[in-house]
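Have a look at final_12.cif; it's mmCIF, C-alpha atoms:
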```cif
data_final
loop_
_atom_site.label_atom_id
_atom_site.label_comp_id
_atom_site.auth_asym_id
_atom_site.auth_seq_id
_atom_site.Cartn_x
_atom_site.Cartn_y
_atom_site.Cartn_z
CA MET N 73 16.26 -36.13 -46.23
CA PHE N 74 13.59 -34.12 -48.03
CA ASP N 75 11.89 -33.32 -44.68
CA LEU N 76 15.19 -32.13 -43.23
CA VAL N 77 15.59 -29.54 -45.99
CA PHE N 78 12.32 -27.87 -44.92
CA LEU N 79 12.72 -28.48 -41.20
CA VAL N 80 16.13 -26.77 -40.69
CA PRO N 81 15.10 -23.36 -42.17
CA LEU N 82 11.83 -23.56 -40.21
CA VAL N 83 13.71 -24.12 -36.91
CA VAL N 84 16.12 -21.26 -37.72
CA LEU N 85 13.20 -18.93 -38.51
CA TYR N 86 11.51 -19.95 -35.25
CA LEU N 87 14.66 -19.18 -33.22
CA VAL N 88 15.10 -15.78 -34.91
CA ALA N 89 11.46 -14.91 -34.17
CA MET N 90 11.88 -15.89 -30.51
CA ALA N 91 15.05 -13.77 -30.23
CA ILE N 92 13.20 -10.77 -31.66
CA LEU N 93 10.27 -11.23 -29.25
CA ILE N 94 12.58 -11.47 -26.27
CA SER N 95 14.53 -8.37 -27.29
CA LEU N 96 11.31 -6.36 -27.65
CA GLY N 97 10.31 -7.22 -24.10
CA ARG N 98 13.52 -5.96 -22.51
CA PRO N 99 14.11 -2.27 -21.80
CA PRO N 100 16.95 -0.76 -23.79
CA HIS N 101 20.31 -0.50 -22.04
CA LEU N 102 21.15 3.19 -22.02
CA GLY N 103 24.42 3.05 -20.12
CA PRO N 104 25.51 4.45 -16.78
CA ASN N 105 25.33 8.12 -17.82
CA ALA N 106 21.79 7.97 -19.19
CA PRO N 107 19.17 10.15 -17.50
CA ARG N 108 17.02 8.28 -14.98
CA LEU N 109 13.48 8.99 -13.88
CA THR N 110 13.42 10.01 -10.25
CA ARG N 111 10.83 11.48 -7.95
CA ALA N 112 10.96 15.24 -7.67
CA PRO N 113 12.22 16.36 -4.28
CA ASP N 114 9.62 17.64 -1.87
CA PRO N 115 9.66 21.40 -1.38
CA PRO N 116 11.36 22.49 1.85
CA GLY N 117 9.03 22.35 4.83
CA ALA N 118 6.42 20.23 3.03
CA GLU N 119 5.18 17.29 5.07
CA LEU N 120 2.99 14.48 3.86
CA ARG N 121 -0.13 14.26 6.04
CA LEU N 122 -3.43 12.40 6.01
CA TRP N 123 -6.77 13.96 6.70
CA ILE N 124 -9.59 11.44 6.99
CA GLU N 125 -12.98 12.48 8.30
CA GLY N 126 -13.87 10.71 11.54
CA THR N 127 -10.27 9.75 12.39
CA GLU N 128 -7.66 11.24 14.66
CA ARG N 129 -3.92 11.08 15.04
CA PRO N 130 -3.06 8.59 17.82
CA LEU N 131 -0.40 8.92 20.48
CA LEU N 132 1.90 6.00 19.79
CA ARG N 133 4.34 4.96 22.48
CA SER N 134 5.84 2.42 20.12
CA THR N 135 5.68 1.87 16.38
CA GLY N 136 6.91 -1.72 16.57
CA PHE N 137 3.44 -3.10 15.84
CA LEU N 138 3.69 -1.71 12.29
CA ALA N 139 6.23 -4.38 11.38
CA ALA N 140 3.55 -7.05 11.90
CA PHE N 141 1.73 -5.49 8.93
CA GLY N 142 4.82 -5.29 6.72
CA LEU N 143 5.35 -1.54 7.16
CA GLU N 144 8.72 0.14 7.59
CA VAL N 145 8.68 2.74 10.35
CA ARG N 146 11.23 4.93 8.59
CA ARG N 147 8.85 5.28 5.63
CA LEU N 148 5.85 6.20 7.80
CA ARG N 149 4.77 9.79 7.20
CA ASP N 150 1.44 9.91 9.03
CA ILE N 151 -1.02 7.62 10.74
CA ARG N 152 -4.71 8.05 11.51
CA VAL N 153 -7.00 5.87 13.60
CA TYR N 154 -10.75 5.24 13.64
CA GLU N 155 -11.71 3.95 17.09
CA HIS N 156 -15.53 3.72 16.96
CA GLY N 157 -16.56 0.07 17.08
CA GLY N 158 -19.44 -1.50 15.24
CA GLU N 159 -20.42 -2.87 11.86
CA LEU N 160 -18.94 -1.45 8.65
CA GLU N 161 -22.34 0.04 7.76
CA SER N 162 -22.18 2.24 10.87
CA PHE N 163 -18.94 3.91 9.71
CA PRO N 164 -19.12 7.29 7.92
CA ALA N 165 -19.77 6.82 4.18
CA ARG N 166 -16.59 8.64 3.16
CA LEU N 167 -14.53 6.41 5.46
CA ILE N 168 -16.04 3.27 3.90
CA ALA N 169 -15.25 4.57 0.41
CA LEU N 170 -11.72 5.41 1.49
CA LEU N 171 -11.29 1.92 2.95
CA PHE N 172 -12.18 0.27 -0.35
CA ASP N 173 -9.60 2.35 -2.24
CA PRO N 174 -6.60 0.67 -0.54
CA TYR N 175 -8.37 -2.67 -1.03
CA THR N 176 -8.42 -2.19 -4.82
CA ARG N 177 -4.67 -1.43 -4.72
CA GLY N 178 -3.89 -4.42 -2.47
CA ALA N 179 -3.02 -2.23 0.52
CA VAL N 180 -5.46 -3.61 3.11
CA ARG N 181 -3.42 -5.77 5.48
CA GLY N 182 -4.57 -8.59 7.74
CA ALA N 183 -7.39 -11.09 7.93
CA ASP N 184 -9.32 -8.93 10.41
CA ALA N 185 -9.52 -6.02 7.96
CA MET N 186 -10.66 -8.31 5.16
CA ALA N 187 -13.30 -9.85 7.44
CA LEU N 188 -14.51 -6.33 8.28
CA LEU N 189 -14.87 -5.52 4.59
CA PHE N 190 -16.44 -8.72 3.31
CA HIS N 191 -17.64 -11.02 6.08
CA GLY N 192 -19.65 -8.76 8.40
CA ARG N 193 -17.06 -8.75 11.18
CA PRO N 194 -17.61 -5.73 13.46
CA LEU N 195 -14.82 -3.55 14.77
CA GLY N 196 -14.66 -4.85 18.31
CA GLU N 197 -14.13 -3.23 21.67
CA GLY N 198 -10.47 -2.35 22.13
CA GLU N 199 -9.77 -2.45 18.37
CA ALA N 200 -9.12 0.35 15.92
CA LEU N 201 -8.90 0.78 12.17
CA TYR N 202 -5.58 2.34 11.18
CA PHE N 203 -4.67 4.26 8.03
CA ALA N 204 -0.91 4.65 7.54
CA LEU N 205 0.61 6.96 4.94
CA ILE N 206 3.75 5.27 3.66
CA ASP N 207 6.23 7.11 1.45
CA LEU N 208 7.30 4.52 -1.13
CA PRO N 209 8.57 5.27 -4.63
CA PRO N 210 7.17 6.18 -7.07
CA GLU N 211 4.44 7.76 -4.92
CA PRO N 212 3.14 7.61 -1.35
CA SER N 213 0.34 5.17 -0.55
CA VAL N 214 -2.17 4.54 2.20
CA VAL N 215 -2.26 1.17 3.96
CA ALA N 216 -5.22 0.11 6.12
CA PHE N 217 -5.27 -2.49 8.89
CA ILE N 218 -6.94 -3.39 12.19
CA ASP N 219 -5.06 -3.66 15.47
CA ARG N 220 -5.53 -2.93 19.16
CA ARG N 221 -6.70 0.54 20.09
CA PRO N 222 -3.85 2.84 21.18
CA VAL N 223 -3.79 3.63 24.88
CA ASP N 224 -3.68 7.35 25.61
CA ARG N 225 -3.54 8.54 29.17
CA ASN N 226 -5.04 11.94 28.40
CA ASP N 227 -7.76 10.74 25.98
CA ARG N 228 -6.84 13.34 23.41
CA PRO N 229 -5.51 13.12 19.85
CA ALA N 230 -1.75 13.13 19.57
CA ARG N 231 0.72 14.27 16.96
CA VAL N 232 2.98 12.01 14.93
#
```

Step by step, read the file and then write its structure as structure tokens.
Amino acid sequence: MFDLVFLVPLVVLYLVAMAILISLGRPPHLGPNAPRLTRAPDPPGAELRLWIEGTERPLLRSTGFLAAFGLEVRRLRDIRVYEHGGELESFPARLIALLFDPYTRGAVRGADAMALLFHGRPLGEGEALYFALIDLPPEPSVVAFIDRRPVDRNDRPARV
């Protein structure tokens, strides 16, 4: 009986402390008319574009291959391709640095791209390194992956 007198207030105090901790972790409910943070609209005529030294804009007959890398075509704003095969060390230094930036943000897709970065896998004949600019809230991001080289009949860069 004596233990119960001390145990009950201790359990109540524990439950109150847990309720306070849980309420501190939740965002406050501001109601339906509260102001919300949204992305500022782009100015008229402004287009998001990538410029990466050593890459070009490919002519894509189909964008269906992007789904294999978890990318939504309707969110794609620009795409660049690096088509020169070889070891990672043979790539331009700025391109290598740019490739590690999406890696640190978890935006390098596919086992081939990871093998290129960390296991000495060369970029093979008929393959290309792609950089896709995806417009996702709260800000656009660049996703990198390796896939087959785009086929262009005229052998010239294309516009997306």

inquiry  = Running the PyMOL selection byres ((chain N and resi 170) around 12) on this model by hand, what would come out? Give it as a list in words.
reply    =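 That selection, the PyMOL selection byres ((chain N and resi 170) around 12), comes back as Leu122, Trp123, Ile124, Glu125, Gly126, Thr127, Phe163, Pro164, Ala165, Arg166, Leu167, Ile168, Ala169, Leu171, Phe172, Asp173, Pro174, Tyr175, Thr176, Arg177, Ala179, Val180, Leu189, Leu201, Tyr202, Phe203, Val214, Val215 and Ala216 of chain N.
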
task = Please provide the set of residues having any atom within 12 Å of N:Pro194, restricted to only C-alpha atoms, with same-chain residues fewer than 2 positions apart removed, written as a VMD selection string.
result = chain N and resid 155 to 163 184 to 192 196 to 201 218

Could the residues in this selection be saved with C-alpha atoms as a compact mmCIF listing (two decimals), in the coordinates of the input?
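For reference, result_30.txt as written:
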```
# COMPACT_ATOMS: atom_id res chain seq x y z
CA GLU N 155 -11.71 3.95 17.09
CA HIS N 156 -15.53 3.72 16.96
CA GLY N 157 -16.56 0.07 17.08
CA GLY N 158 -19.44 -1.50 15.24
CA GLU N 159 -20.42 -2.87 11.86
CA LEU N 160 -18.94 -1.45 8.65
CA GLU N 161 -22.34 0.04 7.76
CA SER N 162 -22.18 2.24 10.87
CA PHE N 163 -18.94 3.91 9.71
CA ASP N 184 -9.32 -8.93 10.41
CA ALA N 185 -9.52 -6.02 7.96
CA MET N 186 -10.66 -8.31 5.16
CA ALA N 187 -13.30 -9.85 7.44
CA LEU N 188 -14.51 -6.33 8.28
CA LEU N 189 -14.87 -5.52 4.59
CA PHE N 190 -16.44 -8.72 3.31
CA HIS N 191 -17.64 -11.02 6.08
CA GLY N 192 -19.65 -8.76 8.40
CA GLY N 196 -14.66 -4.85 18.31
CA GLU N 197 -14.13 -3.23 21.67
CA GLY N 198 -10.47 -2.35 22.13
CA GLU N 199 -9.77 -2.45 18.37
CA ALA N 200 -9.12 0.35 15.92
CA LEU N 201 -8.90 0.78 12.17
CA ILE N 218 -6.94 -3.39 12.19
```

request  = Kindly give the distance, in Å, that separates atom CA of N:Gly97 and atom CA of N:Glu211, rounded to a single decimal.
outcome  =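 A separation of 25.0 Å between them.
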
query = Please, what distance in Å, to one decimal, runs between atom CA of N:Pro212 and atom CA of N:Leu120?
reply =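 Interatomic distance, atom CA of N:Pro212 to atom CA of N:Leu120: 8.6 Å.
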
query = Hey, can you check how far atom CA of N:Arg220 sits from atom CA of N:Glu119?
reply = 26.9 Å

query = Quick one: of N:Phe141, N:Gly136, N:Arg149, N:Ala89, who's nearest to N:Leu205, counting only C-alpha atoms?
reply =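 Using only C-alpha atoms, the shortest distance to N:Leu205 belongs to N:Arg149.
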
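Proximity to N:Leu143 was assessed for N:Asp75, N:Asp219, N:Asp207, N:Glu128 counting all atoms listed in the file; the smallest distance is recorded for N:Asp207.
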
Closest of N:Val77, N:Leu131, N:Ile206, N:Pro222 to N:Glu144 - atom-to-atom distances counting only C-alpha atoms =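 Smallest separation from N:Glu144 among the options: N:Ile206.
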
task = Within 8 Å of N:Val145, counting all atoms listed in the file, which residues show up once you throw out same-chain ones fewer than 6 positions away? Write them as JSON, numbers by chain, please.
result = {"N": [135, 136, 138, 139]}

message = Calculated over all atoms listed in the file, which of the candidates N:Met90, N:Ala140, N:Ile151, N:Leu76 has the smallest distance to N:Arg181?
response = N:Ala140

Report as AutoDock Vina command-line options the centre and the edge lengths, in Å to one decimal, of the axis-aligned box holding every listed atom of stretch 88-91 of chain N, padded by 3 Å on each side.
```
--center_x 13.3 --center_y -14.8 --center_z -32.6 --size_x 9.6 --size_y 8.1 --size_z 10.7
```
